[in-house]
file run-v6.cif (mmCIF, C-alpha atoms (C1' of nucleotides))
data_start
#
loop_
_atom_site.group_PDB
_atom_site.id
_atom_site.type_symbol
_atom_site.label_atom_id
_atom_site.label_comp_id
_atom_site.auth_asym_id
_atom_site.auth_seq_id
_atom_site.Cartn_x
_atom_site.Cartn_y
_atom_site.Cartn_z
ATOM 1 C CA MET N 12 29.107 -14.248 11.617
ATOM 2 C CA ARG N 13 28.981 -14.549 15.344
ATOM 3 C CA GLU N 14 28.689 -17.914 17.012
ATOM 4 C CA LYS N 15 25.507 -16.844 18.678
ATOM 5 C CA THR N 16 23.902 -15.923 15.397
ATOM 6 C CA LYS N 17 25.089 -19.111 13.785
ATOM 7 C CA LYS N 18 23.519 -21.082 16.567
ATOM 8 C CA LEU N 19 20.263 -19.144 16.346
ATOM 9 C CA PHE N 20 20.026 -19.839 12.642
ATOM 10 C CA GLN N 21 20.747 -23.505 13.204
ATOM 11 C CA ASP N 22 18.141 -23.759 15.919
ATOM 12 C CA LYS N 23 15.558 -22.230 13.666
ATOM 13 C CA ASN N 24 16.624 -24.227 10.662
ATOM 14 C CA ILE N 25 17.569 -21.198 8.650
ATOM 15 C CA LYS N 26 20.359 -21.592 6.151
ATOM 16 C CA PRO N 27 22.858 -18.789 6.699
ATOM 17 C CA THR N 28 23.143 -16.935 3.412
ATOM 18 C CA ALA N 29 24.784 -13.596 2.840
ATOM 19 C CA ALA N 30 21.436 -11.880 2.493
ATOM 20 C CA ARG N 31 20.108 -13.327 5.720
ATOM 21 C CA GLU N 32 23.213 -12.558 7.686
ATOM 22 C CA MET N 33 23.156 -8.996 6.503
ATOM 23 C CA ILE N 34 19.526 -8.402 7.360
ATOM 24 C CA PHE N 35 19.984 -9.960 10.756
ATOM 25 C CA ASP N 36 23.150 -8.045 11.401
ATOM 26 C CA ILE N 37 21.604 -4.701 10.520
ATOM 27 C CA LEU N 38 18.589 -5.344 12.688
ATOM 28 C CA SER N 39 20.607 -6.541 15.622
ATOM 29 C CA ARG N 40 22.614 -3.335 15.635
ATOM 30 C CA ALA N 41 19.535 -1.138 15.233
ATOM 31 C CA LYS N 42 18.227 0.758 18.187
ATOM 32 C CA LEU N 43 14.898 1.338 16.496
ATOM 33 C CA PRO N 44 12.643 -0.549 14.128
ATOM 34 C CA LEU N 45 13.711 0.036 10.552
ATOM 35 C CA SER N 46 11.819 0.173 7.289
ATOM 36 C CA TYR N 47 12.888 -1.611 4.135
ATOM 37 C CA GLU N 48 14.358 1.631 2.835
ATOM 38 C CA GLN N 49 16.304 2.232 5.994
ATOM 39 C CA ILE N 50 17.645 -1.277 6.039
ATOM 40 C CA ARG N 51 18.564 -1.096 2.393
ATOM 41 C CA ALA N 52 20.515 2.082 3.042
ATOM 42 C CA LYS N 53 22.641 0.200 5.525
ATOM 43 C CA MET N 54 23.332 -2.765 3.288
ATOM 44 C CA LYS N 55 26.880 -3.278 2.184
ATOM 45 C CA ILE N 56 25.748 -5.640 -0.534
ATOM 46 C CA GLU N 57 22.633 -4.879 -2.497
ATOM 47 C CA MET N 58 19.955 -7.486 -2.571
ATOM 48 C CA ASP N 59 16.729 -7.622 -4.428
ATOM 49 C CA LYS N 60 13.660 -6.441 -2.579
ATOM 50 C CA ALA N 61 12.010 -9.779 -3.169
ATOM 51 C CA THR N 62 14.878 -11.457 -1.403
ATOM 52 C CA PHE N 63 14.607 -8.970 1.393
ATOM 53 C CA TYR N 64 10.898 -9.418 1.960
ATOM 54 C CA ARG N 65 11.117 -13.170 1.632
ATOM 55 C CA ASN N 66 13.856 -13.431 4.186
ATOM 56 C CA VAL N 67 12.154 -11.102 6.557
ATOM 57 C CA SER N 68 9.038 -13.257 6.363
ATOM 58 C CA LEU N 69 11.178 -16.242 7.113
ATOM 59 C CA PHE N 70 12.566 -14.562 10.205
ATOM 60 C CA GLU N 71 9.116 -13.533 11.184
ATOM 61 C CA GLU N 72 7.768 -17.051 11.007
ATOM 62 C CA ALA N 73 10.711 -18.172 13.059
ATOM 63 C CA ASN N 74 9.817 -15.569 15.667
ATOM 64 C CA ILE N 75 13.086 -13.772 15.280
ATOM 65 C CA ILE N 76 11.662 -10.613 13.840
ATOM 66 C CA GLN N 77 8.574 -8.611 14.480
ATOM 67 C CA LYS N 78 7.062 -6.144 12.102
ATOM 68 C CA PHE N 79 4.490 -3.427 12.332
ATOM 69 C CA GLU N 80 3.113 -0.734 10.161
ATOM 70 C CA SER N 81 3.864 2.939 10.496
ATOM 71 C CA ASP N 82 1.373 5.572 9.497
ATOM 72 C CA GLU N 83 3.064 5.883 6.143
ATOM 73 C CA ARG N 84 1.952 2.422 5.133
ATOM 74 C CA LYS N 85 5.334 0.885 5.397
ATOM 75 C CA TRP N 86 6.440 -2.067 7.419
ATOM 76 C CA TYR N 87 8.978 -1.534 10.115
ATOM 77 C CA PHE N 88 11.068 -4.442 11.313
ATOM 78 C CA GLU N 89 12.965 -5.175 14.469
ATOM 79 C CA LEU N 90 14.307 -8.138 16.347
ATOM 80 C CA LEU N 91 11.759 -9.599 18.693
ATOM 81 C CA LYS N 92 12.822 -8.464 22.113
ATOM 82 C CA LYS N 93 11.034 -7.901 25.340
ATOM 83 C CA THR N 94 7.659 -6.309 24.822
ATOM 84 C CA HIS N 95 7.682 -2.593 24.482
ATOM 85 C CA ALA N 96 5.590 -0.051 22.668
ATOM 86 C CA HIS N 97 6.248 2.008 19.590
ATOM 87 C CA PHE N 98 5.330 5.581 19.236
ATOM 88 C CA VAL N 99 4.774 6.814 15.698
ATOM 89 C CA CYS N 100 4.779 10.541 15.080
ATOM 90 C CA GLU N 101 2.066 11.601 12.699
ATOM 91 C CA SER N 102 3.981 14.715 11.829
ATOM 92 C CA CYS N 103 7.579 13.641 11.182
ATOM 93 C CA HIS N 104 6.728 9.921 10.918
ATOM 94 C CA SER N 105 9.555 8.889 13.148
ATOM 95 C CA VAL N 106 9.282 5.689 15.096
ATOM 96 C CA ILE N 107 10.302 5.702 18.726
ATOM 97 C CA CYS N 108 10.459 2.810 21.160
ATOM 98 C CA VAL N 109 8.892 3.663 24.463
ATOM 99 C CA ASP N 110 8.958 1.833 27.700
ATOM 100 C CA PHE N 111 5.331 1.093 28.181
ATOM 101 C CA THR N 112 3.888 -2.151 29.336
ATOM 102 C CA ILE N 113 0.323 -3.126 29.910
ATOM 103 C CA ASN N 114 -1.558 -6.109 31.028
ATOM 104 C CA PRO N 115 -1.355 -8.411 28.002
ATOM 105 C CA ASN N 116 -4.975 -9.337 28.476
ATOM 106 C CA ILE N 117 -7.395 -6.610 27.497
ATOM 107 C CA GLU N 118 -11.047 -7.517 27.609
ATOM 108 C CA GLY N 119 -10.098 -11.109 26.868
ATOM 109 C CA HIS N 120 -7.823 -10.370 23.910
ATOM 110 C CA SER N 121 -4.101 -11.151 23.986
ATOM 111 C CA VAL N 122 -2.075 -8.076 23.244
ATOM 112 C CA LYS N 123 1.279 -8.650 21.616
ATOM 113 C CA ASN N 124 1.969 -5.287 20.171
ATOM 114 C CA ILE N 125 1.308 -1.730 21.165
ATOM 115 C CA ILE N 126 1.437 1.173 18.774
ATOM 116 C CA LEU N 127 0.889 4.690 19.953
ATOM 117 C CA LYS N 128 0.348 7.507 17.516
ATOM 118 C CA GLY N 129 0.465 11.194 18.028
ATOM 119 C CA ILE N 130 2.920 14.042 17.933
ATOM 120 C CA CYS N 131 6.416 13.460 19.204
ATOM 121 C CA LYS N 132 8.108 15.853 21.557
ATOM 122 C CA SER N 133 10.417 17.290 18.913
ATOM 123 C CA CYS N 134 7.496 18.149 16.675
ATOM 124 C CA LYS N 135 5.530 19.838 19.405
ATOM 125 C CA MET W 22 -29.663 15.817 7.204
ATOM 126 C CA ARG W 23 -29.883 16.530 10.870
ATOM 127 C CA GLU W 24 -29.577 20.038 12.176
ATOM 128 C CA LYS W 25 -26.593 19.043 14.231
ATOM 129 C CA THR W 26 -24.754 17.713 11.219
ATOM 130 C CA LYS W 27 -25.658 20.746 9.173
ATOM 131 C CA LYS W 28 -24.229 22.950 11.866
ATOM 132 C CA LEU W 29 -21.079 20.876 12.143
ATOM 133 C CA PHE W 30 -20.495 21.151 8.414
ATOM 134 C CA GLN W 31 -21.086 24.877 8.534
ATOM 135 C CA ASP W 32 -18.714 25.351 11.418
ATOM 136 C CA LYS W 33 -16.016 23.495 9.585
ATOM 137 C CA ASN W 34 -16.757 25.190 6.310
ATOM 138 C CA ILE W 35 -17.685 22.016 4.533
ATOM 139 C CA LYS W 36 -20.245 22.233 1.779
ATOM 140 C CA PRO W 37 -22.908 19.609 2.400
ATOM 141 C CA THR W 38 -23.013 17.432 -0.689
ATOM 142 C CA ALA W 39 -24.739 14.092 -1.052
ATOM 143 C CA ALA W 40 -21.452 12.215 -0.931
ATOM 144 C CA ARG W 41 -20.333 13.953 2.224
ATOM 145 C CA GLU W 42 -23.612 13.517 3.999
ATOM 146 C CA MET W 43 -23.634 9.842 3.188
ATOM 147 C CA ILE W 44 -20.115 9.208 4.421
ATOM 148 C CA PHE W 45 -20.773 11.141 7.566
ATOM 149 C CA ASP W 46 -24.052 9.411 8.132
ATOM 150 C CA ILE W 47 -22.589 5.934 7.742
ATOM 151 C CA LEU W 48 -19.738 6.696 10.081
ATOM 152 C CA SER W 49 -21.928 8.275 12.686
ATOM 153 C CA ARG W 50 -24.036 5.142 12.874
ATOM 154 C CA ALA W 51 -21.050 2.811 12.968
ATOM 155 C CA LYS W 52 -20.066 1.168 16.206
ATOM 156 C CA LEU W 53 -16.636 0.303 14.874
ATOM 157 C CA PRO W 54 -14.127 1.883 12.531
ATOM 158 C CA LEU W 55 -14.924 0.959 8.955
ATOM 159 C CA SER W 56 -12.771 0.409 5.918
ATOM 160 C CA TYR W 57 -13.502 1.852 2.511
ATOM 161 C CA GLU W 58 -14.998 -1.456 1.425
ATOM 162 C CA GLN W 59 -17.221 -1.647 4.456
ATOM 163 C CA ILE W 60 -18.417 1.882 4.010
ATOM 164 C CA ARG W 61 -19.038 1.355 0.350
ATOM 165 C CA ALA W 62 -21.165 -1.666 1.148
ATOM 166 C CA LYS W 63 -23.426 0.559 3.221
ATOM 167 C CA MET W 64 -23.797 3.281 0.634
ATOM 168 C CA LYS W 65 -27.223 3.821 -0.798
ATOM 169 C CA ILE W 66 -25.803 5.829 -3.647
ATOM 170 C CA GLU W 67 -22.556 4.739 -5.224
ATOM 171 C CA MET W 68 -19.786 7.223 -5.347
ATOM 172 C CA ASP W 69 -16.417 7.048 -6.943
ATOM 173 C CA LYS W 70 -13.561 5.963 -4.736
ATOM 174 C CA ALA W 71 -11.733 9.158 -5.532
ATOM 175 C CA THR W 72 -14.650 11.125 -4.191
ATOM 176 C CA PHE W 73 -14.715 8.933 -1.134
ATOM 177 C CA TYR W 74 -11.053 9.306 -0.315
ATOM 178 C CA ARG W 75 -11.073 13.000 -1.044
ATOM 179 C CA ASN W 76 -13.984 13.657 1.220
ATOM 180 C CA VAL W 77 -12.579 11.541 3.956
ATOM 181 C CA SER W 78 -9.359 13.537 3.804
ATOM 182 C CA LEU W 79 -11.423 16.658 4.042
ATOM 183 C CA PHE W 80 -13.130 15.385 7.174
ATOM 184 C CA GLU W 81 -9.821 14.334 8.552
ATOM 185 C CA GLU W 82 -8.304 17.754 8.121
ATOM 186 C CA ALA W 83 -11.362 19.208 9.788
ATOM 187 C CA ASN W 84 -10.805 16.852 12.710
ATOM 188 C CA ILE W 85 -14.127 15.161 12.240
ATOM 189 C CA ILE W 86 -12.728 11.813 11.246
ATOM 190 C CA GLN W 87 -9.791 9.801 12.383
ATOM 191 C CA LYS W 88 -8.194 7.035 10.415
ATOM 192 C CA PHE W 89 -5.759 4.285 11.167
ATOM 193 C CA GLU W 90 -4.310 1.318 9.426
ATOM 194 C CA SER W 91 -5.235 -2.236 10.170
ATOM 195 C CA ASP W 92 -2.696 -4.984 9.785
ATOM 196 C CA GLU W 93 -4.076 -5.646 6.349
ATOM 197 C CA ARG W 94 -2.799 -2.296 5.162
ATOM 198 C CA LYS W 95 -6.153 -0.719 4.786
ATOM 199 C CA TRP W 96 -7.330 2.489 6.284
ATOM 200 C CA TYR W 97 -10.120 2.335 8.775
ATOM 201 C CA PHE W 98 -12.195 5.401 9.463
ATOM 202 C CA GLU W 99 -14.320 6.532 12.363
ATOM 203 C CA LEU W 100 -15.667 9.712 13.793
ATOM 204 C CA LEU W 101 -13.298 11.348 16.197
ATOM 205 C CA LYS W 102 -14.741 10.621 19.584
ATOM 206 C CA LYS W 103 -13.336 10.379 23.036
ATOM 207 C CA THR W 104 -9.993 8.640 23.024
ATOM 208 C CA HIS W 105 -10.166 4.912 23.092
ATOM 209 C CA ALA W 106 -7.998 2.121 21.813
ATOM 210 C CA HIS W 107 -8.382 -0.237 18.906
ATOM 211 C CA PHE W 108 -7.497 -3.831 19.082
ATOM 212 C CA VAL W 109 -6.590 -5.461 15.789
ATOM 213 C CA CYS W 110 -6.581 -9.218 15.603
ATOM 214 C CA GLU W 111 -3.642 -10.551 13.643
ATOM 215 C CA SER W 112 -5.517 -13.723 12.929
ATOM 216 C CA CYS W 113 -9.014 -12.730 11.812
ATOM 217 C CA HIS W 114 -8.097 -9.074 11.203
ATOM 218 C CA SER W 115 -11.134 -7.778 12.998
ATOM 219 C CA VAL W 116 -10.996 -4.363 14.563
ATOM 220 C CA ILE W 117 -12.386 -3.979 18.053
ATOM 221 C CA CYS W 118 -12.745 -0.826 20.115
ATOM 222 C CA VAL W 119 -11.562 -1.319 23.644
ATOM 223 C CA ASP W 120 -11.971 0.877 26.613
ATOM 224 C CA PHE W 121 -8.419 1.687 27.431
ATOM 225 C CA THR W 122 -7.095 5.031 28.384
ATOM 226 C CA ILE W 123 -3.590 6.060 29.181
ATOM 227 C CA ASN W 124 -1.794 9.137 30.153
ATOM 228 C CA PRO W 125 -1.680 11.101 26.893
ATOM 229 C CA ASN W 126 1.857 12.081 27.622
ATOM 230 C CA ILE W 127 4.370 9.285 27.214
ATOM 231 C CA GLU W 128 7.981 10.253 27.606
ATOM 232 C CA GLY W 129 7.141 13.715 26.364
ATOM 233 C CA HIS W 130 5.181 12.636 23.298
ATOM 234 C CA SER W 131 1.465 13.387 22.894
ATOM 235 C CA VAL W 132 -0.469 10.216 22.301
ATOM 236 C CA LYS W 133 -3.636 10.574 20.282
ATOM 237 C CA ASN W 134 -4.176 7.068 19.155
ATOM 238 C CA ILE W 135 -3.624 3.637 20.598
ATOM 239 C CA ILE W 136 -3.502 0.490 18.535
ATOM 240 C CA LEU W 137 -3.125 -2.865 20.162
ATOM 241 C CA LYS W 138 -2.363 -5.948 18.127
ATOM 242 C CA GLY W 139 -2.581 -9.554 19.039
ATOM 243 C CA ILE W 140 -5.059 -12.386 19.008
ATOM 244 C CA CYS W 141 -8.655 -11.664 19.838
ATOM 245 C CA LYS W 142 -10.608 -13.785 22.266
ATOM 246 C CA SER W 143 -12.661 -15.509 19.593
ATOM 247 C CA CYS W 144 -9.531 -16.611 17.755
ATOM 248 C CA LYS W 145 -7.850 -17.961 20.864
ATOM 249 C "C1'" DC U 3 22.819 -33.791 -8.883
ATOM 250 C "C1'" DT U 4 19.476 -31.795 -6.037
ATOM 251 C "C1'" DC U 5 17.471 -28.387 -3.474
ATOM 252 C "C1'" DT U 6 16.435 -23.923 -2.494
ATOM 253 C "C1'" DA U 7 17.969 -18.905 -2.525
ATOM 254 C "C1'" DT U 8 18.130 -15.243 -5.574
ATOM 255 C "C1'" DG U 9 17.081 -11.679 -9.211
ATOM 256 C "C1'" DC U 10 14.070 -9.802 -12.423
ATOM 257 C "C1'" DA U 11 9.883 -8.430 -13.990
ATOM 258 C "C1'" DA U 12 5.234 -8.424 -13.562
ATOM 259 C "C1'" DA U 13 1.210 -8.541 -10.567
ATOM 260 C "C1'" DA U 14 -1.381 -7.089 -6.695
ATOM 261 C "C1'" DA U 15 -3.798 -4.177 -3.506
ATOM 262 C "C1'" DC U 16 -5.094 0.067 -2.020
ATOM 263 C "C1'" DT U 17 -4.873 5.080 -2.610
ATOM 264 C "C1'" DT U 18 -3.987 9.260 -4.915
ATOM 265 C "C1'" DT U 19 -3.827 12.481 -8.796
ATOM 266 C "C1'" DG U 20 -4.899 14.918 -13.265
ATOM 267 C "C1'" DC U 21 -8.257 16.479 -15.912
ATOM 268 C "C1'" DA U 22 -12.539 17.685 -17.942
ATOM 269 C "C1'" DG U 23 -17.450 18.027 -17.316
ATOM 270 C "C1'" DG U 24 -21.462 19.431 -14.492
ATOM 271 C "C1'" DG U 25 -24.096 21.593 -10.738
ATOM 272 C "C1'" DA U 26 -25.014 24.948 -7.612
ATOM 273 C "C1'" DT U 27 -25.170 29.773 -6.366
ATOM 274 C "C1'" DA M 14 -20.026 33.275 -14.956
ATOM 275 C "C1'" DT M 15 -17.555 31.171 -11.264
ATOM 276 C "C1'" DC M 16 -16.344 27.784 -8.150
ATOM 277 C "C1'" DC M 17 -15.520 23.475 -6.696
ATOM 278 C "C1'" DC M 18 -17.457 18.671 -6.510
ATOM 279 C "C1'" DT M 19 -17.468 14.589 -9.020
ATOM 280 C "C1'" DG M 20 -16.285 10.603 -12.051
ATOM 281 C "C1'" DC M 21 -13.092 8.388 -14.895
ATOM 282 C "C1'" DA M 22 -8.842 6.742 -15.959
ATOM 283 C "C1'" DA M 23 -4.236 6.625 -15.155
ATOM 284 C "C1'" DA M 24 -0.407 6.834 -12.036
ATOM 285 C "C1'" DG M 25 1.707 5.792 -7.619
ATOM 286 C "C1'" DT M 26 3.518 3.085 -3.633
ATOM 287 C "C1'" DT M 27 4.775 -0.644 -1.218
ATOM 288 C "C1'" DT M 28 4.821 -5.571 -1.045
ATOM 289 C "C1'" DT M 29 4.183 -10.142 -3.214
ATOM 290 C "C1'" DT M 30 4.492 -13.731 -6.721
ATOM 291 C "C1'" DG M 31 6.061 -16.542 -10.816
ATOM 292 C "C1'" DC M 32 9.640 -18.226 -13.089
ATOM 293 C "C1'" DA M 33 14.140 -19.274 -14.657
ATOM 294 C "C1'" DT M 34 18.853 -19.305 -13.190
ATOM 295 C "C1'" DA M 35 22.563 -19.681 -10.071
ATOM 296 C "C1'" DG M 36 24.848 -21.645 -6.138
ATOM 297 C "C1'" DA M 37 25.722 -24.455 -2.192
ATOM 298 C "C1'" DG M 38 26.641 -29.016 -0.387
#
call {"tool": "encode", "arguments": {"input": "run-v6.cif", "output": "structure tokens"}}
result
Amino acid sequence: MREKTKKLFQDKNIKPTAAREMIFDILSRAKLPLSYEQIRAKMKIEMDKATFYRNVSLFEEANIIQKFESDERKWYFELLKKTHAHFVCESCHSVICVDFTINPNIEGHSVKNIILKGICKSCK
Amino acid sequence: MREKTKKLFQDKNIKPTAAREMIFDILSRAKLPLSYEQIRAKMKIEMDKATFYRNVSLFEEANIIQKFESDERKWYFELLKKTHAHFVCESCHSVICVDFTINPNIEGHSVKNIILKGICKSCK
DNA sequence: CTCTATGCAAAAACTTTGCAGGGAT
DNA sequence: ATCCCTGCAAAGTTTTTGCATAGAG
């Protein structure tokens, strides 16, 4: 476990368990948001899905992770980084990060998350 | 049933049944996307949920209806109108249509749907 | 010892599917 | 008669919860 991660966990008061380190590690290497299935496929040690979801919620409350729903009714998770948008293809269901920023105030509402849906360029 | 609706159904090859007319009617009056529960609450005649979902899928395939998921993992339905965005409040879960248009081509992908998430102005 | 993380199984929530009956043409 | 729309019940999918056990400090 890297020093930086150890420190992050300490700061957030998160006990570093094997499950947590693995989830964090997988997400920090990911270039895209990942679903539970995708994360599980990358796990070197199996963990129960309850453990997975519970730990992800923990990270979420600590503002380490962000989640959003794809069009296949699954959650996708990623480390909370600088704001960017996600494009979800309604044909192949892939999730793509796109560089797209907007004014975070739209008609008085605070926007924290942008999801674009449509058909990705490979599917066209 | 209005002439216009009758014609629409004919054009799309959709047999006008009571269930279909009712769903269409409720959605055409709606100012916001509605969930199954919300639509059901407006029904004058009850219909089975299977019938509801099947007919909605039919409309969807005919490009009459558009659906998207809220953050509460429910589908919301609305008539396919000019492109606009939906704001979903992560606190009160309300769905708000906002006037927000973007270039439909983002990094080569065709955007058909925009979902913004965050905290709405009443919750702030 | 104590505290809480984990696994297992069951529950939950929302949608979808299979199948048989019923209406419309 | 045929077609396909509908209701009912059961299955499906993903996520959450309850509970007992295991493990860390």
call {"tool": "closest_atom_pairs", "arguments": {"input": "run-v6.cif", "of": "chain W", "to": "chain M", "cutoff": "9 Å", "atoms": "only C-alpha atoms (C1' of nucleotides)", "output": "Markdown table"}}
result
| residue | atom | partner | partner_atom | distance |
| --- | --- | --- | --- | --- |
| W:Thr38 | CA | M:DC18 | C1' | 8.1 |
| W:Met68 | CA | M:DG20 | C1' | 8.3 |
| W:Asp69 | CA | M:DG20 | C1' | 6.2 |
| W:Ala71 | CA | M:DG20 | C1' | 8.1 |
| W:Thr72 | CA | M:DT19 | C1' | 6.6 |
call {"tool": "atom_distance", "arguments": {"input": "run-v6.cif", "atom1": "CA of Pro44 (chain N)", "atom2": "CA of Lys85 (chain N)"}}
result
11.5 Å
call {"tool": "resolve_selection", "arguments": {"input": "run-v6.cif", "expression": "the PyMOL selection byres ((chain U and resi 6) around 10)", "output": "list in words"}}
result
Lys26 of chain N; DT4, DC5, DA7 and DT8 of chain U; DG36 and DA37 of chain M
call {"tool": "atom_distance", "arguments": {"input": "run-v6.cif", "atom1": "CA of Asn124 (chain N)", "atom2": "CA of Leu137 (chain W)"}}
result
5.6 Å
call {"tool": "atom_distance", "arguments": {"input": "run-v6.cif", "atom1": "CA of Asp46 (chain W)", "atom2": "CA of Ile60 (chain W)"}}
result
10.3 Å
call {"tool": "resolve_selection", "arguments": {"input": "run-v6.cif", "expression": "the PyMOL selection byres ((chain W) within 6 of (chain N))", "output": "list in words"}}
result
Gly129, His130, Ser131, Val132, Lys133, Asn134, Ile135, Ile136, Leu137, Lys138, Gly139, Ile140, Cys141 and Lys142 of chain W
call {"tool": "closest_residue", "arguments": {"input": "run-v6.cif", "among": "N:Ile75, N:Lys60, N:Lys53, N:Lys93", "to": "DC10 (chain U)", "atoms": "all atoms listed in the file"}}
result
N:Lys60
call {"tool": "resolve_selection", "arguments": {"input": "run-v6.cif", "expression": "the PyMOL selection byres ((chain U) within 8 of (chain W))", "output": "list in words"}}
result
DC16, DT17 and DT18 of chain U
call {"tool": "residues_around", "arguments": {"input": "run-v6.cif", "residues": "Ile25 (chain N)", "least_positions_apart": "3", "cutoff": "10 Å", "atoms": "all atoms listed in the file", "output": "ChimeraX atom specification"}}
result
/N:17-22,28,31,66,69-70,73
call {"tool": "residues_near_point", "arguments": {"input": "run-v6.cif", "point": "(-25.0, 7.3, 2.5)", "cutoff": "7 Å", "atoms": "only C-alpha atoms (C1' of nucleotides)", "output": "ChimeraX atom specification"}}
result
/W:40,42-44,46-47,63-66
call {"tool": "axis_aligned_box", "arguments": {"input": "run-v6.cif", "around": "region 28-34 of chain N", "padding_each_side": "8 Å", "output": "AutoDock Vina command-line options"}}
result
--center_x 22.2 --center_y -12.7 --center_z 5.1 --size_x 21.3 --size_y 24.5 --size_z 21.2
call {"tool": "residues_near_point", "arguments": {"input": "run-v6.cif", "point": "(23.1, -7.0, 17.6)", "cutoff": "12 Å", "atoms": "all atoms listed in the file", "output": "short mmCIF file (atom, residue, chain, number, x, y, z; two decimals) with C-alpha atoms, keeping the file's coordinate frame"}}
result
data_model
loop_
_atom_site.label_atom_id
_atom_site.label_comp_id
_atom_site.auth_asym_id
_atom_site.auth_seq_id
_atom_site.Cartn_x
_atom_site.Cartn_y
_atom_site.Cartn_z
CA MET N 12 29.11 -14.25 11.62
CA ARG N 13 28.98 -14.55 15.34
CA LYS N 15 25.51 -16.84 18.68
CA THR N 16 23.90 -15.92 15.40
CA GLU N 32 23.21 -12.56 7.69
CA MET N 33 23.16 -9.00 6.50
CA ILE N 34 19.53 -8.40 7.36
CA PHE N 35 19.98 -9.96 10.76
CA ASP N 36 23.15 -8.04 11.40
CA ILE N 37 21.60 -4.70 10.52
CA LEU N 38 18.59 -5.34 12.69
CA SER N 39 20.61 -6.54 15.62
CA ARG N 40 22.61 -3.34 15.64
CA ALA N 41 19.54 -1.14 15.23
CA LYS N 42 18.23 0.76 18.19
CA LEU N 43 14.90 1.34 16.50
CA GLU N 89 12.96 -5.18 14.47
CA LEU N 90 14.31 -8.14 16.35
CA LEU N 91 11.76 -9.60 18.69
CA LYS N 92 12.82 -8.46 22.11
#
call {"tool": "build_atoms", "arguments": {"input": "run-v6.cif", "residues": "region 48-60 of chain N", "atoms": "N, CA and C atoms", "output": "CSV table (one decimal), in the coordinates of the input"}}
result
chain,number,residue,atom,x,y,z
N,48,GLU,N,13.5,0.6,3.4
N,48,GLU,CA,14.4,1.6,2.8
N,48,GLU,C,15.5,1.9,3.8
N,49,GLN,N,15.2,2.0,5.0
N,49,GLN,CA,16.3,2.2,6.0
N,49,GLN,C,17.3,1.1,6.1
N,50,ILE,N,16.8,-0.1,6.0
N,50,ILE,CA,17.6,-1.3,6.0
N,50,ILE,C,18.5,-1.3,4.8
N,51,ARG,N,17.8,-1.1,3.7
N,51,ARG,CA,18.6,-1.1,2.4
N,51,ARG,C,19.7,-0.1,2.4
N,52,ALA,N,19.5,1.1,3.0
N,52,ALA,CA,20.5,2.1,3.0
N,52,ALA,C,21.7,1.6,3.8
N,53,LYS,N,21.5,0.7,4.7
N,53,LYS,CA,22.6,0.2,5.5
N,53,LYS,C,23.3,-1.0,4.9
N,54,MET,N,22.8,-1.5,3.9
N,54,MET,CA,23.3,-2.8,3.3
N,54,MET,C,24.7,-2.5,2.6
N,55,LYS,N,25.6,-3.4,2.9
N,55,LYS,CA,26.9,-3.3,2.2
N,55,LYS,C,26.8,-4.0,0.8
N,56,ILE,N,26.0,-5.0,0.7
N,56,ILE,CA,25.7,-5.6,-0.5
N,56,ILE,C,24.3,-5.4,-0.9
N,57,GLU,N,24.0,-5.1,-2.1
N,57,GLU,CA,22.6,-4.9,-2.5
N,57,GLU,C,22.0,-6.2,-2.6
N,58,MET,N,20.7,-6.3,-2.3
N,58,MET,CA,20.0,-7.5,-2.6
N,58,MET,C,18.6,-7.1,-3.1
N,59,ASP,N,18.0,-7.9,-3.8
N,59,ASP,CA,16.7,-7.6,-4.4
N,59,ASP,C,15.7,-7.5,-3.3
N,60,LYS,N,14.7,-6.6,-3.6
N,60,LYS,CA,13.7,-6.4,-2.6
N,60,LYS,C,12.9,-7.7,-2.3
